[in-house]
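Reproduced below: model-v9.txt, with compact mmCIF, C-alpha atoms.
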# COMPACT_ATOMS: atom_id res chain seq x y z
CA MET A 1 25.07 -21.43 15.17
CA LEU A 2 27.17 -19.98 12.35
CA THR A 3 28.47 -22.69 10.05
CA GLN A 4 31.22 -22.40 7.48
CA ASP A 5 28.56 -22.72 4.80
CA LYS A 6 26.74 -19.64 6.07
CA PHE A 7 29.93 -17.61 5.78
CA HIS A 8 30.63 -18.85 2.28
CA ASN A 9 27.04 -18.12 1.18
CA ALA A 10 27.27 -14.50 2.35
CA LYS A 11 26.77 -11.93 -0.40
CA ILE A 12 29.80 -9.67 -0.85
CA LEU A 13 30.02 -6.64 -3.14
CA ILE A 14 33.39 -5.16 -4.10
CA VAL A 15 33.32 -1.56 -5.37
CA ASP A 16 36.61 -0.32 -6.82
CA ASP A 17 37.45 1.68 -9.95
CA GLU A 18 40.81 -0.13 -10.19
CA GLU A 19 39.91 -3.20 -12.24
CA LEU A 20 43.01 -5.20 -11.34
CA SER A 21 42.65 -4.58 -7.60
CA MET A 22 38.96 -5.51 -7.72
CA ARG A 23 39.56 -8.75 -9.61
CA LEU A 24 42.44 -9.73 -7.34
CA LEU A 25 40.36 -9.35 -4.19
CA ALA A 26 37.44 -11.20 -5.75
CA GLU A 27 39.75 -14.09 -6.67
CA ILE A 28 41.14 -14.20 -3.11
CA LEU A 29 37.64 -14.49 -1.74
CA ARG A 30 36.52 -17.14 -4.21
CA LYS A 31 39.61 -19.27 -3.53
CA ASP A 32 38.79 -19.05 0.17
CA GLY A 33 35.34 -20.55 -0.53
CA TYR A 34 33.09 -17.49 -0.87
CA ARG A 35 30.46 -18.23 -3.54
CA ASN A 36 28.50 -14.98 -3.84
CA VAL A 37 31.07 -12.33 -4.72
CA SER A 38 29.97 -9.49 -7.02
CA THR A 39 32.03 -6.60 -8.34
CA THR A 40 31.52 -3.20 -9.92
CA ASN A 41 33.85 -0.39 -10.90
CA ASP A 42 30.93 2.05 -11.11
CA PRO A 43 30.01 3.46 -7.68
CA THR A 44 26.77 4.93 -9.06
CA GLN A 45 25.43 1.36 -9.40
CA VAL A 46 25.85 0.46 -5.71
CA THR A 47 22.41 1.55 -4.53
CA ALA A 48 20.69 -0.38 -7.34
CA PHE A 49 22.70 -3.47 -6.42
CA TYR A 50 21.81 -2.99 -2.76
CA ASP A 51 18.09 -2.85 -3.58
CA GLN A 52 18.29 -6.03 -5.66
CA GLN A 53 20.78 -8.18 -3.72
CA HIS A 54 20.94 -6.81 -0.15
CA PRO A 55 24.63 -7.68 0.31
CA ASP A 56 25.99 -8.85 3.65
CA LEU A 57 29.24 -6.92 3.19
CA ILE A 58 30.40 -4.07 0.95
CA ILE A 59 34.11 -3.62 0.32
CA LEU A 60 34.47 -0.05 -0.83
CA ASP A 61 37.26 2.07 -2.28
CA LEU A 62 37.26 5.68 -1.12
CA ASN A 63 38.67 7.55 -4.10
CA MET A 64 36.71 6.84 -7.29
CA PRO A 65 35.52 8.90 -10.27
CA LYS A 66 31.82 9.85 -10.57
CA MET A 67 31.22 9.28 -6.87
CA SER A 68 33.49 8.94 -3.83
CA GLY A 69 33.23 6.20 -1.24
CA PHE A 70 31.93 8.80 1.23
CA GLU A 71 29.04 9.64 -1.11
CA VAL A 72 28.23 5.97 -1.57
CA MET A 73 28.09 5.47 2.22
CA ASN A 74 25.81 8.48 2.56
CA GLN A 75 23.37 6.99 0.02
CA LEU A 76 23.42 3.62 1.76
CA LYS A 77 22.47 5.25 5.06
CA HIS A 78 19.12 6.29 3.58
CA LEU A 79 18.45 2.78 2.24
CA GLU A 80 19.09 0.81 5.40
CA SER A 81 16.20 -0.03 7.70
CA ASP A 82 16.33 0.70 11.42
CA ASP A 83 16.97 -2.95 12.31
CA SER A 84 19.63 -3.61 9.66
CA TYR A 85 23.39 -3.85 10.07
CA LEU A 86 25.43 -3.45 6.89
CA PRO A 87 29.20 -3.74 7.43
CA ILE A 88 31.36 -1.67 5.08
CA LEU A 89 35.08 -2.38 4.78
CA ILE A 90 37.02 0.55 3.34
CA LEU A 91 40.08 -0.12 1.17
CA SER A 92 42.17 2.90 0.30
CA ASN A 93 45.62 4.04 -0.76
CA GLU A 94 45.32 6.95 1.64
CA GLU A 95 47.12 6.64 4.94
CA ASN A 96 46.19 9.94 6.57
CA THR A 97 44.36 9.65 9.87
CA LYS A 98 41.70 12.18 8.90
CA SER A 99 40.39 10.02 6.02
CA ARG A 100 40.33 6.97 8.27
CA TYR A 101 38.36 8.76 10.99
CA SER A 102 36.02 10.29 8.46
CA ALA A 103 35.29 6.89 6.90
CA LEU A 104 34.53 5.34 10.27
CA GLU A 105 32.29 8.27 11.19
CA ASN A 106 30.34 7.90 7.95
CA GLY A 107 29.41 4.27 8.43
CA ALA A 108 32.49 2.18 7.72
CA LYS A 109 33.02 -0.65 10.18
CA ASP A 110 36.65 -1.33 9.34
CA PHE A 111 39.50 0.19 7.32
CA LEU A 112 42.41 -1.33 5.41
CA ASN A 113 45.14 0.40 3.46
CA LYS A 114 46.33 -0.86 0.09
CA PRO A 115 48.36 -2.91 -0.44
CA TYR A 116 46.86 -5.28 2.11
CA ASP A 117 47.94 -8.66 3.45
CA ARG A 118 45.86 -11.55 2.07
CA VAL A 119 45.45 -13.29 5.44
CA GLU A 120 44.57 -10.05 7.24
CA VAL A 121 41.93 -9.06 4.72
CA LEU A 122 40.28 -12.50 4.95
CA ILE A 123 40.26 -12.36 8.76
CA ARG A 124 38.76 -8.87 8.79
CA ILE A 125 36.13 -9.86 6.24
CA ARG A 126 35.21 -12.94 8.25
CA ASN A 127 34.94 -10.88 11.45
CA LEU A 128 32.65 -8.35 9.79
CA LEU A 129 30.50 -11.11 8.30
CA GLU A 130 30.25 -12.80 11.68
CA VAL A 131 28.77 -9.66 13.22
CA ARG A 132 26.41 -9.27 10.26
CA LEU A 133 25.20 -12.89 10.35
CA LEU A 134 24.80 -12.91 14.11
CA HIS A 135 22.86 -9.64 13.92
CA ASN A 136 20.52 -11.12 11.31
CA GLN A 137 20.15 -14.28 13.34
CA VAL A 138 19.14 -12.36 16.46
CA ARG A 139 16.84 -10.09 14.43
CA ASP A 140 15.10 -13.10 12.85
CA GLN A 141 14.74 -14.83 16.21
CA ASN A 142 13.28 -11.65 17.71
CA LYS A 143 10.84 -11.42 14.81
CA ILE A 144 9.71 -15.01 15.41
CA LEU A 145 9.27 -14.27 19.11
CA GLU A 146 7.39 -11.04 18.36
CA ASP A 147 5.06 -12.90 16.02
CA LYS A 148 4.44 -15.55 18.67
CA VAL A 149 3.77 -12.89 21.30
CA LYS A 150 1.40 -11.04 18.94
CA LYS A 151 -0.44 -14.25 18.17
CA ARG A 152 -0.71 -15.16 21.83
CA THR A 153 -1.74 -11.60 22.75
CA GLN A 154 -4.43 -11.69 20.08
CA GLN A 155 -5.70 -15.02 21.42
CA LEU A 156 -5.86 -13.61 24.94
CA TYR A 157 -7.56 -10.46 23.65
CA ASN A 158 -10.15 -12.53 21.77
CA THR A 159 -10.78 -14.58 24.89
CA GLN A 160 -11.20 -11.44 27.00
CA ILE A 161 -13.64 -9.95 24.51
CA ASP A 162 -15.59 -13.19 24.43
CA VAL A 163 -15.82 -13.23 28.24
CA ILE A 164 -16.89 -9.56 28.28
CA HIS A 165 -19.64 -10.18 25.74
CA ARG A 166 -20.89 -13.29 27.53
CA LEU A 167 -20.91 -11.50 30.89
CA ALA A 168 -22.66 -8.46 29.44
CA ARG A 169 -25.21 -10.60 27.60
CA ALA A 170 -25.89 -12.58 30.77
CA VAL A 171 -26.84 -9.32 32.47
CA GLU A 172 -28.81 -8.20 29.41
CA TYR A 173 -30.89 -11.38 29.35
CA ARG A 174 -32.15 -10.55 32.83
CA ASP A 175 -33.48 -7.25 31.52
CA SER A 176 -34.55 -7.91 27.95
CA GLU A 177 -35.32 -10.37 25.23
CA THR A 178 -32.81 -8.58 23.02
CA GLY A 179 -29.60 -10.63 23.13
CA PHE A 180 -27.61 -8.52 20.66
CA HIS A 181 -28.28 -5.11 22.18
CA ILE A 182 -24.78 -4.86 23.64
CA ILE A 183 -23.15 -5.80 20.35
CA ARG A 184 -25.17 -3.31 18.33
CA MET A 185 -24.71 -0.58 20.93
CA SER A 186 -20.93 -1.12 21.07
CA HIS A 187 -20.60 -0.98 17.27
CA TYR A 188 -22.80 2.12 17.10
CA SER A 189 -20.58 3.73 19.74
CA ALA A 190 -17.31 2.92 17.94
CA CYS A 191 -18.83 4.19 14.68
CA LEU A 192 -19.95 7.48 16.25
CA ALA A 193 -16.60 7.88 18.03
CA ALA A 194 -14.76 7.55 14.71
CA GLU A 195 -17.06 10.16 13.16
CA ALA A 196 -16.25 12.47 16.09
CA GLY A 197 -12.52 12.20 15.32
CA VAL A 198 -11.58 9.82 18.13
CA SER A 199 -8.36 7.88 17.43
CA MET A 200 -8.53 4.32 16.11
CA GLU A 201 -7.03 3.04 19.36
CA GLU A 202 -9.69 4.81 21.43
CA CYS A 203 -12.44 3.59 19.10
CA GLU A 204 -11.25 0.03 19.66
CA LEU A 205 -11.36 0.59 23.42
CA ILE A 206 -14.89 1.97 23.16
CA LEU A 207 -15.94 -1.04 21.09
CA THR A 208 -14.65 -3.45 23.72
CA ALA A 209 -15.55 -1.47 26.88
CA SER A 210 -19.07 -0.30 26.02
CA PRO A 211 -20.69 -3.78 26.29
CA LEU A 212 -20.21 -3.43 30.04
CA HIS A 213 -22.30 -0.25 30.24
CA ASP A 214 -25.17 -2.01 32.06
CA ILE A 215 -23.10 -4.45 34.12
CA GLY A 216 -24.52 -2.82 37.28
CA LYS A 217 -27.95 -4.31 36.50
CA ILE A 218 -26.62 -7.48 38.05
CA GLY A 219 -27.50 -5.83 41.36
CA ILE A 220 -31.06 -4.85 40.40
CA PRO A 221 -33.92 -7.20 41.43
CA ASP A 222 -35.73 -9.12 38.67
CA SER A 223 -39.03 -7.69 39.85
CA ILE A 224 -37.82 -4.28 38.68
CA LEU A 225 -35.78 -5.29 35.64
CA GLN A 226 -38.55 -7.42 34.16
CA LYS A 227 -41.56 -5.38 35.26
CA PRO A 228 -43.86 -5.04 32.23
CA GLY A 229 -45.38 -1.73 33.35
CA LYS A 230 -44.08 1.64 34.41
CA LEU A 231 -41.78 1.69 37.42
CA THR A 232 -42.86 3.41 40.59
CA LYS A 233 -40.77 6.31 41.85
CA GLU A 234 -39.12 4.04 44.42
CA GLU A 235 -38.42 1.35 41.82
CA TYR A 236 -36.97 3.90 39.43
CA GLU A 237 -34.59 5.13 42.12
CA ILE A 238 -33.41 1.58 42.60
CA MET A 239 -33.04 1.10 38.83
CA LYS A 240 -30.85 4.20 38.61
CA THR A 241 -28.35 2.65 41.00
CA HIS A 242 -27.20 0.27 38.24
CA THR A 243 -24.87 3.07 37.12
CA THR A 244 -23.11 3.36 40.48
CA ILE A 245 -23.12 -0.41 41.02
CA GLY A 246 -21.45 -0.82 37.61
CA SER A 247 -18.95 1.87 38.46
CA GLU A 248 -18.04 0.14 41.72
CA LEU A 249 -17.68 -3.23 40.01
CA LEU A 250 -15.31 -1.78 37.40
CA SER A 251 -13.30 0.57 39.62
CA GLY A 252 -9.90 0.02 41.21
CA SER A 253 -7.97 -0.92 38.06
CA ASN A 254 -5.11 0.93 36.37
CA SER A 255 -6.03 -0.52 32.99
CA ARG A 256 -7.24 2.01 30.38
CA PHE A 257 -9.87 -0.46 29.32
CA MET A 258 -11.33 -0.80 32.82
CA ARG A 259 -11.18 2.94 33.46
CA MET A 260 -13.09 3.58 30.25
CA ALA A 261 -15.61 0.84 31.03
CA ARG A 262 -16.14 2.41 34.46
CA ASP A 263 -16.72 5.89 32.95
CA ILE A 264 -19.24 4.48 30.48
CA ALA A 265 -21.11 2.49 33.12
CA LEU A 266 -21.29 5.51 35.43
CA THR A 267 -22.18 8.25 32.95
CA HIS A 268 -24.14 6.79 30.02
CA HIS A 269 -27.43 7.99 31.61
CA GLU A 270 -26.24 11.56 32.20
CA LYS A 271 -27.94 14.20 30.05
CA TRP A 272 -26.55 17.24 28.27
CA ASP A 273 -28.89 19.58 30.16
CA GLY A 274 -27.93 18.16 33.57
CA THR A 275 -31.16 16.26 34.26
CA GLY A 276 -29.63 12.81 33.99
CA TYR A 277 -28.26 10.49 36.65
CA PRO A 278 -26.50 9.51 38.86
CA ARG A 279 -24.59 12.80 39.32
CA GLY A 280 -26.59 15.28 37.25
CA LEU A 281 -23.54 16.17 35.18
CA LYS A 282 -24.05 18.82 32.52
CA GLY A 283 -22.57 19.39 29.06
CA GLU A 284 -18.89 18.56 28.75
CA GLU A 285 -18.73 17.61 32.42
CA ILE A 286 -19.95 14.28 31.06
CA PRO A 287 -16.99 12.27 29.66
CA LEU A 288 -17.04 12.02 25.88
CA VAL A 289 -17.35 8.23 26.05
CA GLY A 290 -20.41 8.61 28.27
CA ARG A 291 -22.01 11.03 25.82
CA ILE A 292 -21.24 8.77 22.85
CA CYS A 293 -22.49 5.59 24.49
CA GLY A 294 -25.53 7.40 25.93
CA ILE A 295 -26.94 8.37 22.55
CA CYS A 296 -26.19 4.94 21.04
CA ASP A 297 -27.72 3.10 24.00
CA VAL A 298 -30.95 5.08 23.72
CA TYR A 299 -31.13 4.58 19.94
CA ASP A 300 -30.87 0.81 20.18
CA ALA A 301 -33.20 0.65 23.19
CA LEU A 302 -35.86 2.48 21.17
CA LEU A 303 -35.55 -0.01 18.31
CA SER A 304 -35.56 -3.04 20.62
CA ARG A 305 -38.32 -4.94 22.37
CA ARG A 306 -38.40 -4.54 26.13
CA PRO A 307 -40.69 -6.05 28.80
CA TYR A 308 -42.42 -2.67 29.04
CA LYS A 309 -42.61 -1.72 25.33
CA ASP A 310 -42.62 -2.85 21.72
CA PRO A 311 -39.84 -1.77 19.34
CA TRP A 312 -40.29 1.69 17.86
CA PRO A 313 -40.32 2.21 14.08
CA PRO A 314 -36.91 3.52 12.92
CA GLU A 315 -38.26 6.89 11.75
CA VAL A 316 -39.88 7.50 15.13
CA ALA A 317 -36.70 6.49 16.97
CA LEU A 318 -34.60 8.80 14.80
CA ASN A 319 -36.96 11.69 15.40
CA GLU A 320 -36.61 11.08 19.15
CA ILE A 321 -32.83 11.26 18.85
CA LYS A 322 -33.06 14.45 16.78
CA GLU A 323 -35.35 16.16 19.28
CA GLY A 324 -33.05 15.12 22.12
CA GLY A 325 -30.08 17.04 20.67
CA GLY A 326 -29.11 19.86 23.00
CA HIS A 327 -31.29 18.53 25.83
CA HIS A 328 -30.75 14.83 26.36
CA PHE A 329 -27.77 14.49 24.02
CA ASP A 330 -24.65 16.41 23.06
CA PRO A 331 -25.86 18.56 20.10
CA GLN A 332 -22.65 18.05 18.11
CA LEU A 333 -22.74 14.29 18.58
CA THR A 334 -26.39 14.29 17.58
CA GLU A 335 -25.50 15.87 14.24
CA LEU A 336 -22.63 13.44 13.74
CA PHE A 337 -24.93 10.54 14.62
CA PHE A 338 -27.11 11.36 11.62
CA ASN A 339 -24.00 11.49 9.41
CA THR A 340 -23.34 7.85 10.27
CA LEU A 341 -26.86 6.54 9.58
CA PRO A 342 -25.91 4.28 6.63
CA ARG A 343 -23.32 2.55 8.82
CA MET A 344 -25.71 2.46 11.78
CA GLU A 345 -28.41 0.80 9.66
CA HIS A 346 -25.92 -1.79 8.44
CA ILE A 347 -25.05 -2.62 12.06
CA THR A 348 -28.76 -2.82 12.95
CA HIS A 349 -29.44 -5.37 10.23
CA LYS A 350 -26.24 -7.35 10.76
CA TYR A 351 -26.92 -7.93 14.46
CA ALA A 352 -30.71 -8.06 14.40
CA ASP A 353 -32.35 -10.32 17.02
CA THR A 354 -35.77 -10.48 15.39
CA PRO A 355 -37.48 -8.89 12.38
CA GLU A 356 -39.18 -6.49 14.75
CA CYS A 357 -35.90 -4.81 15.55
CA VAL A 358 -35.47 -3.46 12.04
CA GLU A 359 -39.00 -2.94 10.79

Could you spell out this file's structure in structure tokens?
Amino acid sequence: MLTQDKFHNAKILIVDDEELSMRLLAEILRKDGYRNVSTTNDPTQVTAFYDQQHPDLIILDLNMPKMSGFEVMNQLKHLESDDSYLPILILSNEENTKSRYSALENGAKDFLNKPYDRVEVLIRIRNLLEVRLLHNQVRDQNKILEDKVKKRTQQLYNTQIDVIHRLARAVEYRDSETGFHIIRMSHYSACLAAEAGVSMEECELILTASPLHDIGKIGIPDSILQKPGKLTKEEYEIMKTHTTIGSELLSGSNSRFMRMARDIALTHHEKWDGTGYPRGLKGEEIPLVGRICGICDVYDALLSRRPYKDPWPPEVALNEIKEGGGHHFDPQLTELFFNTLPRMEHITHKYADTPECVE
């Protein structure tokens, strides 16, 4: 609600090279209750005043030395933000229609010829201020609502990420003693994606979607997942189905997040030379996210304890990754992977399960 006090607190700037006219209008406004009236007879000072005071209304003469009212309006256009509304009331001795139209086209919101009627000028000023104050009120309310929506969206996002991590870790615990594998692998993947020039938005999606890469293991029997020895050919064929099971679980959604999670689950075991599974895709037939997550998944798996193996020493694991470039892994991504090693090692230590993981 706009109170009388809000009107009278509005900041008004009068710009007129005629000293007497400027003082007269300022006195009219002050007698009517306006408390924040400023004046200047130098139009070159308007932009500086705007930066400092952010007036709610500018009353501007058109014909002035040094700079015309049109030039002042042109400068103000470049200072205003996209969501601002600055009313400009033009006062001028000119009565030709062309000047009036030109002023309105250049940003003026109203136009009065000198000499003006005291009551009319006060009504016009109040009307312009009402639009300005209402605009600011709506803008501020929208900002409050936007902040609330952002906060709520962030809370929902955090909850979703928490659920994803808990679900993925629940599956991981069936397969391994390494509880933080999914967290390390997802951070490795986002790190490598950034090094490969992937946008920040896509990197964030990779970070949140990659923990679901092995969600399909929920459909693999414990006797296979937790077998301490080498799998038989038949068992290995069953194990490979975790990619298609994961894909089926994550399919059917229009969400970018779910589509990416599906691609990762389906393709993170494909190999650059076409010998991977489940489809035997080759080279760039494999989605980039699958190639990124594939190399990061293998790296962490090598460093981690599994029912069938002890963790590998880091130098041995890195050598395995290097030798896999061009065969198992995308050769370009393999090179980029080694560029990110300092960040990778930081992730390894930050999310270590046991000392063995980083020895």

Original post:
If you count all atoms listed in the file, which residues fall within 12 Å of Ser84 (chain A), apart from same-chain ones fewer than 4 positions away, as a list of chain:residue names?
Top reply: A:His54, A:Pro55, A:Asp56, A:Leu76, A:Lys77, A:His78, A:Leu79, A:Glu80, A:Val131, A:Arg132, A:Leu133, A:Leu134, A:His135, A:Asn136, A:Gln137, A:Val138, A:Arg139, A:Asp140

Subject >> Among the residues A:Gly276, A:Gly252, A:Gly283, A:Gly69, the one that comes closest to Ala108 (chain A) [using all atoms listed in the file] >> reply: A:Gly69

Give me, as a Markdown table, the closest atom pair and its distance (Å, one decimal) for every residue of region 147-242 of chain A within a cut-off of 9 Å of region 289-302 of chain A, counting all atoms listed in the file, rows sorted by chain and rising number.
| residue | atom | partner | partner_atom | distance |
| --- | --- | --- | --- | --- |
| A:His181 | CA | A:Asp300 | CA | 6.8 |
| A:Ile182 | CA | A:Asp297 | CA | 8.5 |
| A:Arg184 | CA | A:Asp300 | CA | 7.3 |
| A:Met185 | CA | A:Asp297 | CA | 5.7 |
| A:Ser186 | CA | A:Cys293 | CA | 7.7 |
| A:His187 | CA | A:Cys296 | CA | 9.0 |
| A:Tyr188 | CA | A:Cys296 | CA | 5.9 |
| A:Ser189 | CA | A:Cys293 | CA | 5.4 |
| A:Ala190 | CA | A:Ile292 | CA | 8.6 |
| A:Leu192 | CA | A:Ile292 | CA | 6.8 |
| A:Ala193 | CA | A:Ile292 | CA | 6.7 |
| A:Ile206 | CA | A:Val289 | CA | 7.3 |
| A:Ser210 | CA | A:Cys293 | CA | 7.0 |
| A:His213 | CA | A:Cys293 | CA | 8.2 |

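The residue that comes closest to Ile183 (chain A), out of A:Ser81, A:Thr348, A:Thr3, A:Asn41 and on the basis of all atoms listed in the file, is A:Thr348.
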
Subject >> Contacts of Ser223 (chain A) within 12 Å, only C-alpha atoms, excl. fewer than 6 positions in-chain, as a PyMOL selection string >> reply: chain A and resi 174-175+229-232+235-236+238-239+307

Subject >> One-decimal distance in Å that lies between CA of Asn339 (chain A) and CA of Ala209 (chain A) >> reply: 23.3 Å

**OP:** Report the distance between CA of Val37 (chain A) and CA of Phe7 (chain A) in Å, rounded to one decimal place.
**Re:** 11.8 Å

**OP:** Go through A:Ile321, A:Cys191, A:Leu266, A:Val171 one by one, measure the shortest atom-to-atom distance of each to Asp222 (chain A) using only C-alpha atoms, and give the residue with the smallest value.
**Re:**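 The answer is A:Val171, which sits nearest to Asp222 (chain A).
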
**OP:** Would you kindly return, as a ChimeraX atom specification, each protein, DNA or RNA residue with an atom no farther than 9 Å from any atom of Ile90 (chain A), considering all atoms listed in the file and excluding same-chain residues fewer than 5 positions away?
**Re:** /A:58-62,69,100,103-104,108-113

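The residue that comes closest to Lys322 (chain A), out of A:Pro87, A:His346, A:Lys309, A:Phe338 and on the basis of only C-alpha atoms, is A:Phe338.
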
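Taking CA of Arg23 (chain A) and CA of Val46 (chain A) as endpoints, the distance between them is 17.0 Å.
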
**OP:** Using only C-alpha atoms, pick whichever of A:Glu130, A:Asp310, A:Asp83, A:Glu195 has the shortest atom-to-atom distance to Asn142 (chain A).
**Re:**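 Nearest candidate to Asn142 (chain A) out of A:Glu130, A:Asp310, A:Asp83, A:Glu195: A:Asp83.
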
Original post:
So which residues touch Tyr277 (chain A) within 10 Å, counting all atoms listed in the file, skipping near sequence neighbours fewer than 5 positions away, as JSON, numbers by chain?
Top reply: {"A": [237, 240, 241, 243, 244, 266, 267, 268, 269, 270, 271]}

For the residues in that selection, give me C-alpha atoms as a compact mmCIF listing (two decimals), in the coordinates of the input.
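Written file, result33.txt:
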# COMPACT_ATOMS: atom_id res chain seq x y z
CA GLU A 237 -34.59 5.13 42.12
CA LYS A 240 -30.85 4.20 38.61
CA THR A 241 -28.35 2.65 41.00
CA THR A 243 -24.87 3.07 37.12
CA THR A 244 -23.11 3.36 40.48
CA LEU A 266 -21.29 5.51 35.43
CA THR A 267 -22.18 8.25 32.95
CA HIS A 268 -24.14 6.79 30.02
CA HIS A 269 -27.43 7.99 31.61
CA GLU A 270 -26.24 11.56 32.20
CA LYS A 271 -27.94 14.20 30.05

Subject >> Closest of A:Ser21, A:Gln53, A:Gln160, A:Gln155 to Ser92 (chain A) - atom-to-atom distances counting only C-alpha atoms >> reply: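 Among the listed residues, A:Ser21 lies closest to Ser92 (chain A).
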